[in-house]
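Content type compact mmCIF, C-alpha atoms, from the file run09.txt:
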# COMPACT_ATOMS: atom_id res chain seq x y z
CA LYS A 1 21.23 136.65 145.36
CA ASN A 2 21.99 138.81 148.36
CA GLU A 3 23.46 142.19 147.40
CA VAL A 4 25.93 143.40 150.03
CA GLU A 5 27.09 146.99 150.34
CA GLN A 6 29.80 148.10 152.74
CA SER A 7 30.68 151.66 153.59
CA PRO A 8 33.03 153.30 153.58
CA GLN A 9 35.21 151.45 151.07
CA ASN A 10 38.33 153.12 152.47
CA LEU A 11 38.89 154.78 155.82
CA THR A 12 41.98 156.44 157.26
CA ALA A 13 41.83 157.55 160.87
CA GLN A 14 44.12 158.58 163.69
CA GLU A 15 45.03 156.31 166.55
CA GLY A 16 42.44 156.48 169.31
CA GLU A 17 39.49 157.37 167.10
CA PHE A 18 36.16 155.56 167.24
CA ILE A 19 35.61 153.64 163.99
CA THR A 20 32.32 152.58 162.42
CA ILE A 21 31.98 150.33 159.37
CA ASN A 22 28.54 149.71 157.91
CA CYS A 23 27.06 146.77 156.04
CA SER A 24 23.70 146.63 154.29
CA TYR A 25 22.22 143.65 152.50
CA SER A 26 19.16 143.10 150.36
CA VAL A 27 17.77 139.69 151.35
CA GLY A 28 16.67 138.52 154.79
CA ILE A 29 19.25 136.39 156.54
CA SER A 30 19.65 134.13 159.53
CA ALA A 31 23.15 135.26 160.52
CA LEU A 32 25.88 137.70 159.56
CA HIS A 33 29.63 137.27 159.84
CA TRP A 34 32.32 139.92 160.23
CA LEU A 35 35.79 138.95 159.06
CA GLN A 36 39.18 140.63 159.23
CA GLN A 37 41.79 140.27 156.51
CA HIS A 38 45.30 141.23 157.54
CA PRO A 39 47.76 142.99 155.20
CA GLY A 40 49.52 139.65 154.78
CA GLY A 41 46.30 138.19 153.40
CA GLY A 42 45.10 135.89 156.20
CA ILE A 43 41.38 135.98 157.05
CA VAL A 44 39.98 135.52 160.53
CA SER A 45 36.41 135.39 161.73
CA LEU A 46 35.63 138.18 164.22
CA PHE A 47 31.92 137.81 164.91
CA MET A 48 28.89 135.84 163.93
CA LEU A 49 25.58 137.33 165.01
CA SER A 50 21.92 136.88 164.29
CA SER A 51 20.47 139.59 166.53
CA GLY A 52 21.41 142.43 168.84
CA LYS A 53 24.99 143.12 169.73
CA LYS A 54 28.24 141.28 170.44
CA LYS A 55 31.43 142.63 172.00
CA HIS A 56 34.95 141.27 171.93
CA GLY A 57 37.61 143.48 173.44
CA ARG A 58 37.53 146.81 171.58
CA LEU A 59 35.32 145.45 168.82
CA ILE A 60 31.54 145.70 168.86
CA ALA A 61 29.19 144.34 166.23
CA THR A 62 25.51 145.16 165.98
CA ILE A 63 22.77 143.97 163.67
CA ASN A 64 19.24 145.11 162.89
CA ILE A 65 17.58 142.24 161.07
CA GLN A 66 14.47 144.28 160.18
CA GLU A 67 16.55 147.09 158.67
CA LYS A 68 18.94 144.60 156.98
CA HIS A 69 21.91 146.45 158.40
CA SER A 70 24.92 145.69 160.54
CA SER A 71 27.74 147.80 161.94
CA LEU A 72 31.20 147.04 163.22
CA HIS A 73 32.67 149.48 165.72
CA ILE A 74 36.24 149.75 166.94
CA THR A 75 36.87 151.75 170.10
CA ALA A 76 40.26 153.32 170.88
CA SER A 77 41.60 152.33 167.47
CA HIS A 78 45.23 151.27 167.15
CA PRO A 79 47.56 150.87 164.15
CA ARG A 80 47.36 147.09 164.55
CA ASP A 81 43.64 147.38 163.66
CA SER A 82 44.70 148.31 160.12
CA ALA A 83 43.16 145.64 157.91
CA VAL A 84 40.31 144.94 155.51
CA TYR A 85 37.00 144.26 157.28
CA ILE A 86 34.50 142.10 155.43
CA CYS A 87 30.86 141.45 156.21
CA ALA A 88 29.21 138.27 155.01
CA PRO A 89 25.49 137.75 155.49
CA SER A 90 24.13 134.24 155.27
CA GLY A 91 20.68 132.86 154.61
CA GLY A 92 21.95 129.38 155.29
CA GLY A 93 21.36 126.37 153.09
CA ALA A 94 22.87 126.09 149.64
CA ASP A 95 23.54 129.81 149.32
CA GLY A 96 26.11 129.89 152.09
CA LEU A 97 27.81 133.22 152.68
CA THR A 98 27.74 136.28 150.43
CA PHE A 99 30.77 138.48 150.97
CA GLY A 100 30.97 142.25 150.79
CA LYS A 101 33.92 143.84 148.98
CA GLY A 102 35.43 144.94 152.25
CA THR A 103 36.39 148.17 154.00
CA HIS A 104 40.08 149.00 153.90
CA LEU A 105 40.96 150.59 157.26
CA ILE A 106 44.23 152.37 158.01
CA ILE A 107 44.94 153.66 161.52
CA GLN A 108 47.78 156.14 161.62
CA PRO A 109 49.88 156.59 164.79
CA ASN B 1 47.10 123.79 166.29
CA ALA B 2 47.52 124.34 162.53
CA GLY B 3 43.84 125.00 161.68
CA VAL B 4 43.50 125.15 157.88
CA THR B 5 46.65 124.54 155.86
CA GLN B 6 46.91 125.37 152.16
CA THR B 7 49.69 124.44 149.77
CA PRO B 8 51.34 125.90 147.84
CA LYS B 9 51.37 129.54 148.98
CA PHE B 10 52.48 130.86 145.59
CA GLN B 11 52.39 129.38 142.10
CA VAL B 12 53.00 130.62 138.58
CA LEU B 13 51.59 128.59 135.71
CA LYS B 14 51.50 128.89 131.97
CA THR B 15 48.20 128.88 130.13
CA GLY B 16 47.01 125.32 129.60
CA GLN B 17 48.96 123.78 132.46
CA SER B 18 47.17 121.91 135.21
CA MET B 19 47.67 121.95 138.93
CA THR B 20 46.02 120.96 142.19
CA LEU B 21 45.69 123.19 145.25
CA GLN B 22 45.74 121.25 148.47
CA CYS B 23 43.82 122.03 151.65
CA ALA B 24 43.76 120.21 154.97
CA GLN B 25 42.08 121.02 158.28
CA ASP B 26 42.73 119.51 161.69
CA MET B 27 39.60 120.74 163.49
CA ASN B 28 37.42 117.72 162.64
CA HIS B 29 35.14 120.01 160.62
CA ASN B 30 32.46 118.52 158.40
CA SER B 31 32.24 121.29 155.80
CA MET B 32 34.95 122.71 153.57
CA TYR B 33 35.00 125.46 150.94
CA TRP B 34 37.08 126.90 148.14
CA TYR B 35 36.89 130.64 147.39
CA ARG B 36 38.63 132.96 145.02
CA GLN B 37 39.37 136.60 145.77
CA ASP B 38 39.89 139.11 142.97
CA PRO B 39 40.69 142.83 143.24
CA GLY B 40 37.59 144.94 143.79
CA MET B 41 35.37 141.93 144.38
CA GLY B 42 34.25 140.03 147.42
CA LEU B 43 35.21 136.43 148.03
CA ARG B 44 33.33 134.14 145.67
CA LEU B 45 32.53 130.51 146.35
CA ILE B 46 33.92 128.07 143.78
CA TYR B 47 32.93 124.71 145.29
CA TYR B 48 31.99 123.43 148.68
CA SER B 49 31.71 120.12 150.47
CA ALA B 50 28.96 120.12 153.08
CA SER B 51 30.14 116.79 154.44
CA GLU B 52 32.60 114.03 153.63
CA GLY B 53 31.60 112.33 150.40
CA THR B 54 29.66 115.28 148.94
CA THR B 55 30.68 118.22 146.78
CA ASP B 56 28.59 120.96 145.18
CA LYS B 57 29.11 123.88 142.85
CA GLY B 58 29.24 127.39 144.18
CA GLU B 59 28.95 130.70 142.37
CA VAL B 60 31.93 130.35 139.99
CA PRO B 61 32.70 126.64 139.36
CA ASN B 62 33.63 126.73 135.66
CA GLY B 63 37.17 125.59 134.96
CA TYR B 64 37.59 123.88 138.33
CA ASN B 65 37.11 120.45 139.85
CA VAL B 66 37.29 119.38 143.47
CA SER B 67 37.85 116.23 145.48
CA ARG B 68 36.94 115.66 149.10
CA LEU B 69 39.61 113.07 149.71
CA ASN B 70 38.59 112.40 153.31
CA LYS B 71 37.20 114.43 156.19
CA ARG B 72 40.43 116.42 156.53
CA GLU B 73 41.33 117.17 152.92
CA PHE B 74 39.64 119.07 150.11
CA SER B 75 41.57 119.74 146.91
CA LEU B 76 40.91 122.12 144.02
CA ARG B 77 42.11 121.26 140.52
CA LEU B 78 42.61 123.47 137.51
CA GLU B 79 42.65 121.14 134.49
CA SER B 80 43.71 123.71 131.89
CA ALA B 81 44.68 127.00 133.50
CA ALA B 82 43.56 130.26 131.92
CA PRO B 83 44.71 133.83 132.66
CA SER B 84 41.20 134.57 134.02
CA GLN B 85 41.98 132.14 136.84
CA THR B 86 44.76 134.37 138.15
CA SER B 87 43.56 135.03 141.68
CA VAL B 88 44.09 134.40 145.36
CA TYR B 89 42.47 131.15 146.43
CA PHE B 90 41.27 130.50 149.97
CA CYS B 91 40.21 127.25 151.53
CA ALA B 92 37.94 127.37 154.57
CA SER B 93 36.23 124.93 156.88
CA SER B 94 33.36 125.00 159.37
CA GLY B 95 31.78 122.62 161.80
CA ALA B 96 28.67 122.28 159.68
CA TYR B 97 27.16 123.77 156.56
CA ARG B 98 24.90 126.16 158.40
CA SER B 99 24.90 129.91 158.65
CA ASN B 100 25.53 129.89 162.40
CA GLN B 101 28.91 128.23 162.06
CA PRO B 102 32.02 130.44 161.77
CA GLN B 103 34.39 129.61 158.95
CA HIS B 104 38.12 129.17 159.48
CA PHE B 105 40.34 130.20 156.60
CA GLY B 106 43.71 129.12 155.33
CA ASP B 107 46.40 131.67 154.45
CA GLY B 108 45.60 131.59 150.75
CA THR B 109 47.36 130.56 147.54
CA ARG B 110 48.45 133.31 145.17
CA LEU B 111 48.15 131.89 141.67
CA SER B 112 49.31 133.64 138.50
CA ILE B 113 48.53 132.28 135.04
CA LEU B 114 50.73 133.65 132.28

What's the structure tokens form of this structure?
Amino acid sequence: KNEVEQSPQNLTAQEGEFITINCSYSVGISALHWLQQHPGGGIVSLFMLSSGKKKHGRLIATINIQEKHSSLHITASHPRDSAVYICAPSGGGADGLTFGKGTHLIIQP
Amino acid sequence: NAGVTQTPKFQVLKTGQSMTLQCAQDMNHNSMYWYRQDPGMGLRLIYYSASEGTTDKGEVPNGYNVSRLNKREFSLRLESAAPSQTSVYFCASSGAYRSNQPQHFGDGTRLSIL
């Protein structure tokens, strides 16, 4: 089973700061998903990547398959970015996704 | 565009009662999933349906049954609810059961077993 570690578990920052959330996993994968869970509970998929880097607005996700590590960056953070961010590596097949416990991010105005 | 719809949103049951959680998607997705989310733990897969007509156990299937009623609908049944099944349940769907397909989630069902 893939062991997934996210850091930090909790992060409080000021509006405008650059945010980095890290994800490490133990078993080689074919893709990794980043998800966002809003305070109301809904979960949305932010990124799915298998190599390199992807950017969507102020969000950037990177992955190093050899190092078994991925990062999610938020530039110019805003209070509306406050949420739980979850990484989920996948080896495909019957194992599906393995979810990290999440990073609880609070952006203060 | 509704995406993935779960009903009910909240439910309180007594130990031993049964209930069915409903899930429907309107994205013509082949694969559907049921997860549970507990405090301090990541989402855990209960059951999944890779395609219409098939269902398979996930990581934590004990105490649950599922039915893939048709391509749109995937239900989760608790036959005899136990307090350990108090959790938030999420249904999700994806185009195919492959790692390169993003999953779309419903809003969740908050279930309490007394």

With a distance cut-off of 10 Å and only C-alpha atoms, select the neighbouring residues of Thr62 of chain A, excluding the residue or stretch itself and same-chain residues fewer than 6 positions from it, and output the selection as a ChimeraX atom specification.
-> /A:22,32,47,49-55,69-73

Between atom CA of Tyr89 of chain B and atom CA of Arg44 of chain B, measure the distance and give it in Å to one decimal.
->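 So the two atoms, atom CA of Tyr89 of chain B and atom CA of Arg44 of chain B, lie 9.6 Å apart.
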
Return as CSV the residues of chain B lying at most 12 Å from chain A, together with the closest atom-to-atom pair for each and the distance in Å to one decimal, counting only C-alpha atoms, with rows in chain order and ascending residue number.
residue,atom,partner,partner_atom,distance
B:Gly3,CA,A:Val44,CA,11.3
B:Val4,CA,A:Gly42,CA,11.0
B:Thr5,CA,A:Gly42,CA,11.5
B:Gln6,CA,A:Gly42,CA,11.4
B:Lys9,CA,A:Gly41,CA,11.0
B:Ser31,CA,A:Gly96,CA,11.2
B:Met32,CA,A:Gly96,CA,11.5
B:Tyr33,CA,A:Gly96,CA,10.0
B:Tyr35,CA,A:Phe99,CA,10.6
B:Arg36,CA,A:Phe99,CA,11.3
B:Gln37,CA,A:Lys101,CA,9.6
B:Asp38,CA,A:Lys101,CA,9.7
B:Pro39,CA,A:Lys101,CA,8.9
B:Gly40,CA,A:Lys101,CA,6.5
B:Met41,CA,A:Lys101,CA,5.2
B:Gly42,CA,A:Lys101,CA,4.1
B:Leu43,CA,A:Phe99,CA,5.7
B:Arg44,CA,A:Phe99,CA,7.3
B:Leu45,CA,A:Leu97,CA,8.3
B:Ile46,CA,A:Gly96,CA,11.5
B:Tyr47,CA,A:Gly96,CA,10.9
B:Tyr48,CA,A:Gly96,CA,9.4
B:Ser49,CA,A:Ala94,CA,10.7
B:Ala50,CA,A:Ala94,CA,9.2
B:Thr55,CA,A:Ala94,CA,11.5
B:Asp56,CA,A:Ala94,CA,8.9
B:Lys57,CA,A:Ala94,CA,9.5
B:Gly58,CA,A:Asp95,CA,8.0
B:Glu59,CA,A:Asp95,CA,8.9
B:Val88,CA,A:Gly41,CA,9.2
B:Tyr89,CA,A:Gly41,CA,10.6
B:Phe90,CA,A:Ile43,CA,9.0
B:Cys91,CA,A:Ile43,CA,10.4
B:Ala92,CA,A:Ile43,CA,9.6
B:Ser93,CA,A:Ser45,CA,11.5
B:Ser94,CA,A:Ser45,CA,11.1
B:Ala96,CA,A:Gly93,CA,10.7
B:Tyr97,CA,A:Gly93,CA,7.2
B:Arg98,CA,A:Gly92,CA,5.4
B:Ser99,CA,A:Gly92,CA,4.5
B:Asn100,CA,A:Ala31,CA,6.2
B:Gln101,CA,A:Met48,CA,7.8
B:Pro102,CA,A:Met48,CA,6.6
B:Gln103,CA,A:Ser45,CA,6.7
B:His104,CA,A:Val44,CA,6.7
B:Phe105,CA,A:Ile43,CA,5.9
B:Gly106,CA,A:Gly42,CA,7.0
B:Asp107,CA,A:Gly42,CA,4.7
B:Gly108,CA,A:Gly42,CA,7.0
B:Thr109,CA,A:Gly41,CA,9.7
B:Arg110,CA,A:Gly41,CA,9.8

File dump, residues just selected, C-alpha atoms, as a PDB file, keeping the file's coordinate frame:
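Result written to result12.pdb:
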ATOM      1  CA  GLY B   3      43.840 125.000 161.680  1.00  0.00           C
ATOM      2  CA  VAL B   4      43.500 125.150 157.880  1.00  0.00           C
ATOM      3  CA  THR B   5      46.650 124.540 155.860  1.00  0.00           C
ATOM      4  CA  GLN B   6      46.910 125.370 152.160  1.00  0.00           C
ATOM      5  CA  LYS B   9      51.370 129.540 148.980  1.00  0.00           C
ATOM      6  CA  SER B  31      32.240 121.290 155.800  1.00  0.00           C
ATOM      7  CA  MET B  32      34.950 122.710 153.570  1.00  0.00           C
ATOM      8  CA  TYR B  33      35.000 125.460 150.940  1.00  0.00           C
ATOM      9  CA  TYR B  35      36.890 130.640 147.390  1.00  0.00           C
ATOM     10  CA  ARG B  36      38.630 132.960 145.020  1.00  0.00           C
ATOM     11  CA  GLN B  37      39.370 136.600 145.770  1.00  0.00           C
ATOM     12  CA  ASP B  38      39.890 139.110 142.970  1.00  0.00           C
ATOM     13  CA  PRO B  39      40.690 142.830 143.240  1.00  0.00           C
ATOM     14  CA  GLY B  40      37.590 144.940 143.790  1.00  0.00           C
ATOM     15  CA  MET B  41      35.370 141.930 144.380  1.00  0.00           C
ATOM     16  CA  GLY B  42      34.250 140.030 147.420  1.00  0.00           C
ATOM     17  CA  LEU B  43      35.210 136.430 148.030  1.00  0.00           C
ATOM     18  CA  ARG B  44      33.330 134.140 145.670  1.00  0.00           C
ATOM     19  CA  LEU B  45      32.530 130.510 146.350  1.00  0.00           C
ATOM     20  CA  ILE B  46      33.920 128.070 143.780  1.00  0.00           C
ATOM     21  CA  TYR B  47      32.930 124.710 145.290  1.00  0.00           C
ATOM     22  CA  TYR B  48      31.990 123.430 148.680  1.00  0.00           C
ATOM     23  CA  SER B  49      31.710 120.120 150.470  1.00  0.00           C
ATOM     24  CA  ALA B  50      28.960 120.120 153.080  1.00  0.00           C
ATOM     25  CA  THR B  55      30.680 118.220 146.780  1.00  0.00           C
ATOM     26  CA  ASP B  56      28.590 120.960 145.180  1.00  0.00           C
ATOM     27  CA  LYS B  57      29.110 123.880 142.850  1.00  0.00           C
ATOM     28  CA  GLY B  58      29.240 127.390 144.180  1.00  0.00           C
ATOM     29  CA  GLU B  59      28.950 130.700 142.370  1.00  0.00           C
ATOM     30  CA  VAL B  88      44.090 134.400 145.360  1.00  0.00           C
ATOM     31  CA  TYR B  89      42.470 131.150 146.430  1.00  0.00           C
ATOM     32  CA  PHE B  90      41.270 130.500 149.970  1.00  0.00           C
ATOM     33  CA  CYS B  91      40.210 127.250 151.530  1.00  0.00           C
ATOM     34  CA  ALA B  92      37.940 127.370 154.570  1.00  0.00           C
ATOM     35  CA  SER B  93      36.230 124.930 156.880  1.00  0.00           C
ATOM     36  CA  SER B  94      33.360 125.000 159.370  1.00  0.00           C
ATOM     37  CA  ALA B  96      28.670 122.280 159.680  1.00  0.00           C
ATOM     38  CA  TYR B  97      27.160 123.770 156.560  1.00  0.00           C
ATOM     39  CA  ARG B  98      24.900 126.160 158.400  1.00  0.00           C
ATOM     40  CA  SER B  99      24.900 129.910 158.650  1.00  0.00           C
ATOM     41  CA  ASN B 100      25.530 129.890 162.400  1.00  0.00           C
ATOM     42  CA  GLN B 101      28.910 128.230 162.060  1.00  0.00           C
ATOM     43  CA  PRO B 102      32.020 130.440 161.770  1.00  0.00           C
ATOM     44  CA  GLN B 103      34.390 129.610 158.950  1.00  0.00           C
ATOM     45  CA  HIS B 104      38.120 129.170 159.480  1.00  0.00           C
ATOM     46  CA  PHE B 105      40.340 130.200 156.600  1.00  0.00           C
ATOM     47  CA  GLY B 106      43.710 129.120 155.330  1.00  0.00           C
ATOM     48  CA  ASP B 107      46.400 131.670 154.450  1.00  0.00           C
ATOM     49  CA  GLY B 108      45.600 131.590 150.750  1.00  0.00           C
ATOM     50  CA  THR B 109      47.360 130.560 147.540  1.00  0.00           C
ATOM     51  CA  ARG B 110      48.450 133.310 145.170  1.00  0.00           C
TER      52      ARG B 110
END

Residues within 10 Å of (39.7, 117.8, 146.3), counting only C-alpha atoms, listed as a list in words = Thr20, Leu21, Gln22, Cys23, Ala24, Met32, Trp34, Tyr47, Tyr48, Ser49, Thr55, Asn65, Val66, Ser67, Arg68, Leu69, Asn70, Glu73, Phe74, Ser75, Leu76 and Arg77 of chain B

Edge lengths and centre, in Å to one decimal, as JSON: that's what I need for the box along x, y and z that holds all listed atoms of segment 52-67 of chain A plus 4 Å on each side.
{"center_x": 26.0, "center_y": 144.2, "center_z": 166.1, "size_x": 31.1, "size_y": 13.8, "size_z": 22.8}

For atom CA of Ala13 of chain A and atom CA of Ser77 of chain A, determine how far apart the two atoms are, in Å to one decimal place.
->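 These atoms are spaced 8.4 Å apart.
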
Quote the spacing between atom CA of Ser82 of chain A and atom CA of Leu11 of chain A in Å to one decimal place.
->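 Separating atom CA of Ser82 of chain A from atom CA of Leu11 of chain A is a distance of 9.7 Å.
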
Nearest to Lys68 of chain A, restricted to only C-alpha atoms and choosing among A:Gly28, A:Gly16, A:Pro109, A:Pro8, comes out as A:Gly28

Excluding same-chain residues fewer than 4 positions from Pro79 of chain A, what lies within 12 Å of it counting only C-alpha atoms, as a PyMOL selection string?
-> chain A and resi 12-17+38-39+74+83+105-109

Using all atoms listed in the file: which of B:Leu78, B:Ser84, B:Lys71, B:Ser112 has the shortest distance to His29 of chain B = B:Lys71

Using only C-alpha atoms, which of B:Ser80, B:Ser87, B:Asn28, B:Asn62 sits nearest Gly16 of chain B?
-> B:Ser80

Atoms are missing here; could segment 92-112 of chain B be completed with N, CA and C atoms and written as a compact mmCIF listing (two decimals), in the coordinates of the input?
# COMPACT_ATOMS: atom_id res chain seq x y z
N ALA B 92 38.51 127.12 153.25
CA ALA B 92 37.94 127.37 154.57
C ALA B 92 37.21 126.12 155.04
N SER B 93 36.99 126.05 156.34
CA SER B 93 36.23 124.93 156.88
C SER B 93 35.32 125.44 157.99
N SER B 94 34.26 124.68 158.26
CA SER B 94 33.36 125.00 159.37
C SER B 94 32.79 123.71 159.91
N GLY B 95 32.27 123.82 161.15
CA GLY B 95 31.78 122.62 161.80
C GLY B 95 30.66 121.95 161.02
N ALA B 96 29.79 122.80 160.45
CA ALA B 96 28.67 122.28 159.68
C ALA B 96 28.27 123.32 158.66
N TYR B 97 27.55 122.85 157.62
CA TYR B 97 27.16 123.77 156.56
C TYR B 97 25.86 124.47 156.98
N ARG B 98 26.05 125.37 157.95
CA ARG B 98 24.90 126.16 158.40
C ARG B 98 25.38 127.58 158.63
N SER B 99 24.50 128.51 158.55
CA SER B 99 24.90 129.91 158.65
C SER B 99 25.42 130.29 160.02
N ASN B 100 25.09 129.51 161.06
CA ASN B 100 25.53 129.89 162.40
C ASN B 100 26.85 129.26 162.78
N GLN B 101 27.60 128.81 161.80
CA GLN B 101 28.91 128.23 162.06
C GLN B 101 29.98 129.15 161.48
N PRO B 102 30.93 129.61 162.31
CA PRO B 102 32.02 130.44 161.77
C PRO B 102 32.91 129.62 160.84
N GLN B 103 33.47 130.28 159.86
CA GLN B 103 34.39 129.61 158.95
C GLN B 103 35.83 129.97 159.31
N HIS B 104 36.70 129.00 159.20
CA HIS B 104 38.12 129.17 159.48
C HIS B 104 38.86 129.08 158.15
N PHE B 105 39.71 130.07 157.91
CA PHE B 105 40.34 130.20 156.60
C PHE B 105 41.82 129.82 156.65
N GLY B 106 42.29 129.28 155.52
CA GLY B 106 43.71 129.12 155.33
C GLY B 106 44.34 130.45 154.94
N ASP B 107 45.66 130.44 154.75
CA ASP B 107 46.40 131.67 154.45
C ASP B 107 46.33 132.08 153.00
N GLY B 108 45.76 131.23 152.15
CA GLY B 108 45.60 131.59 150.75
C GLY B 108 46.72 131.08 149.86
N THR B 109 46.38 130.91 148.58
CA THR B 109 47.36 130.56 147.54
C THR B 109 47.28 131.64 146.47
N ARG B 110 48.41 132.29 146.21
CA ARG B 110 48.45 133.31 145.17
C ARG B 110 48.86 132.64 143.87
N LEU B 111 47.95 132.61 142.92
CA LEU B 111 48.15 131.89 141.67
C LEU B 111 48.15 132.87 140.50
N SER B 112 49.21 132.81 139.71
CA SER B 112 49.31 133.64 138.50
C SER B 112 49.37 132.74 137.29
